[in-house]
Amino acid sequence: MAMGTKKKEESFSLVVGSSYLVRSAESREKPMETRGKLRGFASIGQDTAIAMEMDESHGDGAGKLRFIPLNVILSIDVLKSVEKQEEKKEQQPEGVYFG
């Protein structure tokens, strides 16, 4: 990169409905791996967690939710990304004029 040129910074976010492989702390020997779709975020006391719907690679756990606190996440691989959908805003009534 030439001196004086700045690369545009990109912003990334996790998208609900996308599939991820999340590695999180389980023990010193090996991390826990969770494959599945992101269903959202949850509060657990003072902590925030991601809610993952586990896929068929989890056997009997397939379809169940796993909450992973953000502070134990080691890495996240994007397996399949979906388009971020805009949240629908409630329509506000048009202004009323009283004359």
# chains A, B, ... in the order shown; residues from 1 in each chain; ligands from 1
$ residues_around --residues "segment 47-51 of chain A" --least-positions-apart "2" --cutoff "12 Å" --atoms "only C-alpha atoms" --output "compact mmCIF listing (two decimals) with N, CA and C atoms, in the first residue's frame"
# COMPACT_ATOMS: atom_id res chain seq x y z
N LEU A 14 -22.73 -9.84 13.18
CA LEU A 14 -23.37 -11.15 13.08
C LEU A 14 -24.81 -10.92 12.65
N VAL A 15 -25.28 -11.75 11.70
CA VAL A 15 -26.62 -11.58 11.15
C VAL A 15 -27.49 -12.76 11.58
N VAL A 16 -28.62 -12.45 12.20
CA VAL A 16 -29.57 -13.49 12.61
C VAL A 16 -29.99 -14.28 11.38
N GLY A 17 -29.96 -15.60 11.49
CA GLY A 17 -30.33 -16.49 10.38
C GLY A 17 -29.12 -17.03 9.63
N SER A 18 -27.96 -16.42 9.79
CA SER A 18 -26.74 -16.91 9.16
C SER A 18 -26.20 -18.10 9.94
N SER A 19 -25.42 -18.94 9.26
CA SER A 19 -24.84 -20.12 9.90
C SER A 19 -23.38 -19.85 10.26
N TYR A 20 -23.02 -20.26 11.47
CA TYR A 20 -21.68 -20.01 11.99
C TYR A 20 -21.12 -21.26 12.67
N VAL A 22 -18.89 -21.64 15.91
CA VAL A 22 -18.39 -20.86 17.04
C VAL A 22 -17.51 -21.76 17.90
N SER A 24 -15.64 -21.91 21.46
CA SER A 24 -15.66 -21.22 22.75
C SER A 24 -14.90 -22.05 23.78
N THR A 34 -19.59 -25.16 18.23
CA THR A 34 -21.04 -25.10 18.03
C THR A 34 -21.29 -24.68 16.59
N ARG A 35 -22.01 -25.54 15.85
CA ARG A 35 -22.39 -25.24 14.47
C ARG A 35 -23.89 -25.02 14.44
N GLY A 36 -24.29 -23.98 13.71
CA GLY A 36 -25.73 -23.75 13.57
C GLY A 36 -26.05 -22.34 13.17
N LYS A 37 -27.34 -22.00 13.30
CA LYS A 37 -27.83 -20.68 12.90
C LYS A 37 -27.91 -19.77 14.12
N LEU A 38 -27.51 -18.53 13.90
CA LEU A 38 -27.65 -17.53 14.94
C LEU A 38 -29.13 -17.16 15.04
N ARG A 39 -29.67 -17.26 16.25
CA ARG A 39 -31.06 -16.92 16.48
C ARG A 39 -31.22 -15.57 17.16
N GLY A 40 -30.14 -15.06 17.74
CA GLY A 40 -30.22 -13.75 18.37
C GLY A 40 -29.25 -13.62 19.52
N PHE A 41 -29.53 -12.64 20.36
CA PHE A 41 -28.69 -12.35 21.51
C PHE A 41 -29.55 -12.42 22.76
N ALA A 42 -28.94 -12.74 23.88
CA ALA A 42 -29.68 -12.88 25.13
C ALA A 42 -28.88 -12.32 26.29
N SER A 43 -29.58 -11.87 27.30
CA SER A 43 -28.93 -11.42 28.53
C SER A 43 -28.98 -12.55 29.54
N ILE A 44 -27.83 -12.80 30.15
CA ILE A 44 -27.74 -13.79 31.23
C ILE A 44 -27.15 -13.04 32.41
N GLY A 45 -27.99 -12.56 33.28
CA GLY A 45 -27.52 -11.71 34.38
C GLY A 45 -26.91 -10.45 33.80
N GLU A 53 -28.96 -21.97 17.29
CA GLU A 53 -29.75 -23.17 17.08
C GLU A 53 -28.82 -24.20 16.47
N MET A 54 -28.53 -25.27 17.21
CA MET A 54 -27.54 -26.25 16.77
C MET A 54 -28.05 -27.06 15.57
N GLY A 63 -31.38 -28.72 16.63
CA GLY A 63 -32.61 -27.96 16.82
C GLY A 63 -32.72 -27.27 18.17
N LYS A 64 -31.87 -27.66 19.11
CA LYS A 64 -31.90 -27.05 20.44
C LYS A 64 -31.07 -25.77 20.43
N LEU A 65 -31.38 -24.88 21.36
CA LEU A 65 -30.65 -23.63 21.49
C LEU A 65 -29.48 -23.79 22.45
N ARG A 66 -28.36 -23.18 22.09
CA ARG A 66 -27.20 -23.12 22.98
C ARG A 66 -26.87 -21.64 23.15
N PHE A 67 -26.76 -21.21 24.40
CA PHE A 67 -26.40 -19.83 24.71
C PHE A 67 -24.91 -19.80 25.04
N ILE A 68 -24.17 -18.98 24.32
CA ILE A 68 -22.73 -18.90 24.49
C ILE A 68 -22.37 -17.47 24.94
N PRO A 69 -21.92 -17.31 26.19
CA PRO A 69 -21.54 -15.96 26.65
C PRO A 69 -20.43 -15.39 25.78
N LEU A 70 -20.53 -14.10 25.48
CA LEU A 70 -19.56 -13.46 24.59
C LEU A 70 -18.13 -13.54 25.12
N ASN A 71 -17.96 -13.52 26.44
CA ASN A 71 -16.60 -13.51 27.00
C ASN A 71 -15.87 -14.84 26.88
N VAL A 72 -16.53 -15.93 26.45
CA VAL A 72 -15.84 -17.21 26.27
C VAL A 72 -15.65 -17.58 24.80
N ILE A 73 -16.10 -16.71 23.88
CA ILE A 73 -15.95 -17.00 22.45
C ILE A 73 -14.51 -16.79 22.04
N ILE A 76 -15.14 -17.17 15.51
CA ILE A 76 -16.40 -17.41 14.81
C ILE A 76 -16.10 -17.49 13.32
$ select_by_dssp --residues "segment 11-90 of chain A" --states "strand (DSSP E or B)" --output "NGL selection string"
:A and (19-24 or 32-44 or 47-54 or 65-69 or 73-80)
$ write_last_selection --atoms "N, CA and C atoms" --output "short mmCIF file (atom, residue, chain, number, x, y, z; two decimals), in the first residue's frame"
data_model
loop_
_atom_site.label_atom_id
_atom_site.label_comp_id
_atom_site.auth_asym_id
_atom_site.auth_seq_id
_atom_site.Cartn_x
_atom_site.Cartn_y
_atom_site.Cartn_z
N SER A 19 -25.42 -18.94 9.26
CA SER A 19 -24.84 -20.12 9.90
C SER A 19 -23.38 -19.85 10.26
N TYR A 20 -23.02 -20.26 11.47
CA TYR A 20 -21.68 -20.01 11.99
C TYR A 20 -21.12 -21.26 12.67
N LEU A 21 -19.81 -21.31 12.75
CA LEU A 21 -19.10 -22.27 13.59
C LEU A 21 -18.44 -21.43 14.67
N VAL A 22 -18.89 -21.64 15.91
CA VAL A 22 -18.39 -20.86 17.04
C VAL A 22 -17.51 -21.76 17.90
N ARG A 23 -16.29 -21.32 18.15
CA ARG A 23 -15.39 -22.03 19.07
C ARG A 23 -15.36 -21.21 20.35
N SER A 24 -15.64 -21.91 21.46
CA SER A 24 -15.66 -21.22 22.75
C SER A 24 -14.90 -22.05 23.78
N MET A 32 -14.92 -25.85 22.77
CA MET A 32 -16.21 -26.41 22.40
C MET A 32 -16.57 -25.82 21.03
N GLU A 33 -17.07 -26.63 20.12
CA GLU A 33 -17.48 -26.16 18.80
C GLU A 33 -18.99 -26.24 18.69
N THR A 34 -19.59 -25.16 18.23
CA THR A 34 -21.04 -25.10 18.03
C THR A 34 -21.29 -24.68 16.59
N ARG A 35 -22.01 -25.54 15.85
CA ARG A 35 -22.39 -25.24 14.47
C ARG A 35 -23.89 -25.02 14.44
N GLY A 36 -24.29 -23.98 13.71
CA GLY A 36 -25.73 -23.75 13.57
C GLY A 36 -26.05 -22.34 13.17
N LYS A 37 -27.34 -22.00 13.30
CA LYS A 37 -27.83 -20.68 12.90
C LYS A 37 -27.91 -19.77 14.12
N LEU A 38 -27.51 -18.53 13.90
CA LEU A 38 -27.65 -17.53 14.94
C LEU A 38 -29.13 -17.16 15.04
N ARG A 39 -29.67 -17.26 16.25
CA ARG A 39 -31.06 -16.92 16.48
C ARG A 39 -31.22 -15.57 17.16
N GLY A 40 -30.14 -15.06 17.74
CA GLY A 40 -30.22 -13.75 18.37
C GLY A 40 -29.25 -13.62 19.52
N PHE A 41 -29.53 -12.64 20.36
CA PHE A 41 -28.69 -12.35 21.51
C PHE A 41 -29.55 -12.42 22.76
N ALA A 42 -28.94 -12.74 23.88
CA ALA A 42 -29.68 -12.88 25.13
C ALA A 42 -28.88 -12.32 26.29
N SER A 43 -29.58 -11.87 27.30
CA SER A 43 -28.93 -11.42 28.53
C SER A 43 -28.98 -12.55 29.54
N ILE A 44 -27.83 -12.80 30.15
CA ILE A 44 -27.74 -13.79 31.23
C ILE A 44 -27.15 -13.04 32.41
N ASP A 47 -24.26 -10.53 31.82
CA ASP A 47 -23.55 -10.90 30.60
C ASP A 47 -24.48 -10.97 29.40
N THR A 48 -23.88 -10.88 28.22
CA THR A 48 -24.61 -11.04 26.97
C THR A 48 -24.11 -12.32 26.31
N ALA A 49 -25.03 -13.04 25.68
CA ALA A 49 -24.70 -14.30 25.01
C ALA A 49 -25.32 -14.30 23.62
N ILE A 50 -24.74 -15.13 22.74
CA ILE A 50 -25.39 -15.38 21.46
C ILE A 50 -26.19 -16.66 21.60
N ALA A 51 -27.35 -16.68 20.94
CA ALA A 51 -28.22 -17.86 20.96
C ALA A 51 -28.07 -18.56 19.62
N MET A 52 -27.54 -19.79 19.66
CA MET A 52 -27.33 -20.58 18.45
C MET A 52 -28.28 -21.77 18.42
N GLU A 53 -28.96 -21.97 17.29
CA GLU A 53 -29.75 -23.17 17.08
C GLU A 53 -28.82 -24.20 16.47
N MET A 54 -28.53 -25.27 17.21
CA MET A 54 -27.54 -26.25 16.77
C MET A 54 -28.05 -27.06 15.57
N LEU A 65 -31.38 -24.88 21.36
CA LEU A 65 -30.65 -23.63 21.49
C LEU A 65 -29.48 -23.79 22.45
N ARG A 66 -28.36 -23.18 22.09
CA ARG A 66 -27.20 -23.12 22.98
C ARG A 66 -26.87 -21.64 23.15
N PHE A 67 -26.76 -21.21 24.40
CA PHE A 67 -26.40 -19.83 24.71
C PHE A 67 -24.91 -19.80 25.04
N ILE A 68 -24.17 -18.98 24.32
CA ILE A 68 -22.73 -18.90 24.49
C ILE A 68 -22.37 -17.47 24.94
N PRO A 69 -21.92 -17.31 26.19
CA PRO A 69 -21.54 -15.96 26.65
C PRO A 69 -20.43 -15.39 25.78
N ILE A 73 -16.10 -16.71 23.88
CA ILE A 73 -15.95 -17.00 22.45
C ILE A 73 -14.51 -16.79 22.04
N LEU A 74 -13.93 -17.80 21.38
CA LEU A 74 -12.56 -17.75 20.89
C LEU A 74 -12.50 -17.33 19.42
N SER A 75 -13.41 -17.87 18.62
CA SER A 75 -13.46 -17.51 17.20
C SER A 75 -14.83 -17.83 16.63
N ILE A 76 -15.14 -17.17 15.51
CA ILE A 76 -16.40 -17.41 14.81
C ILE A 76 -16.10 -17.49 13.32
N ASP A 77 -16.47 -18.63 12.70
CA ASP A 77 -16.33 -18.80 11.26
C ASP A 77 -17.71 -18.64 10.63
N VAL A 78 -17.79 -17.88 9.55
CA VAL A 78 -19.04 -17.71 8.82
C VAL A 78 -19.17 -18.88 7.85
N LEU A 79 -20.19 -19.70 8.01
CA LEU A 79 -20.41 -20.84 7.12
C LEU A 79 -21.36 -20.48 5.98
N LYS A 80 -22.42 -19.75 6.31
CA LYS A 80 -23.38 -19.31 5.30
C LYS A 80 -23.99 -18.00 5.78
#
$ select_by_dssp --residues "chain A" --states "helix (DSSP H, G or I)" --output "ChimeraX atom specification"
/A:56-61,70-72
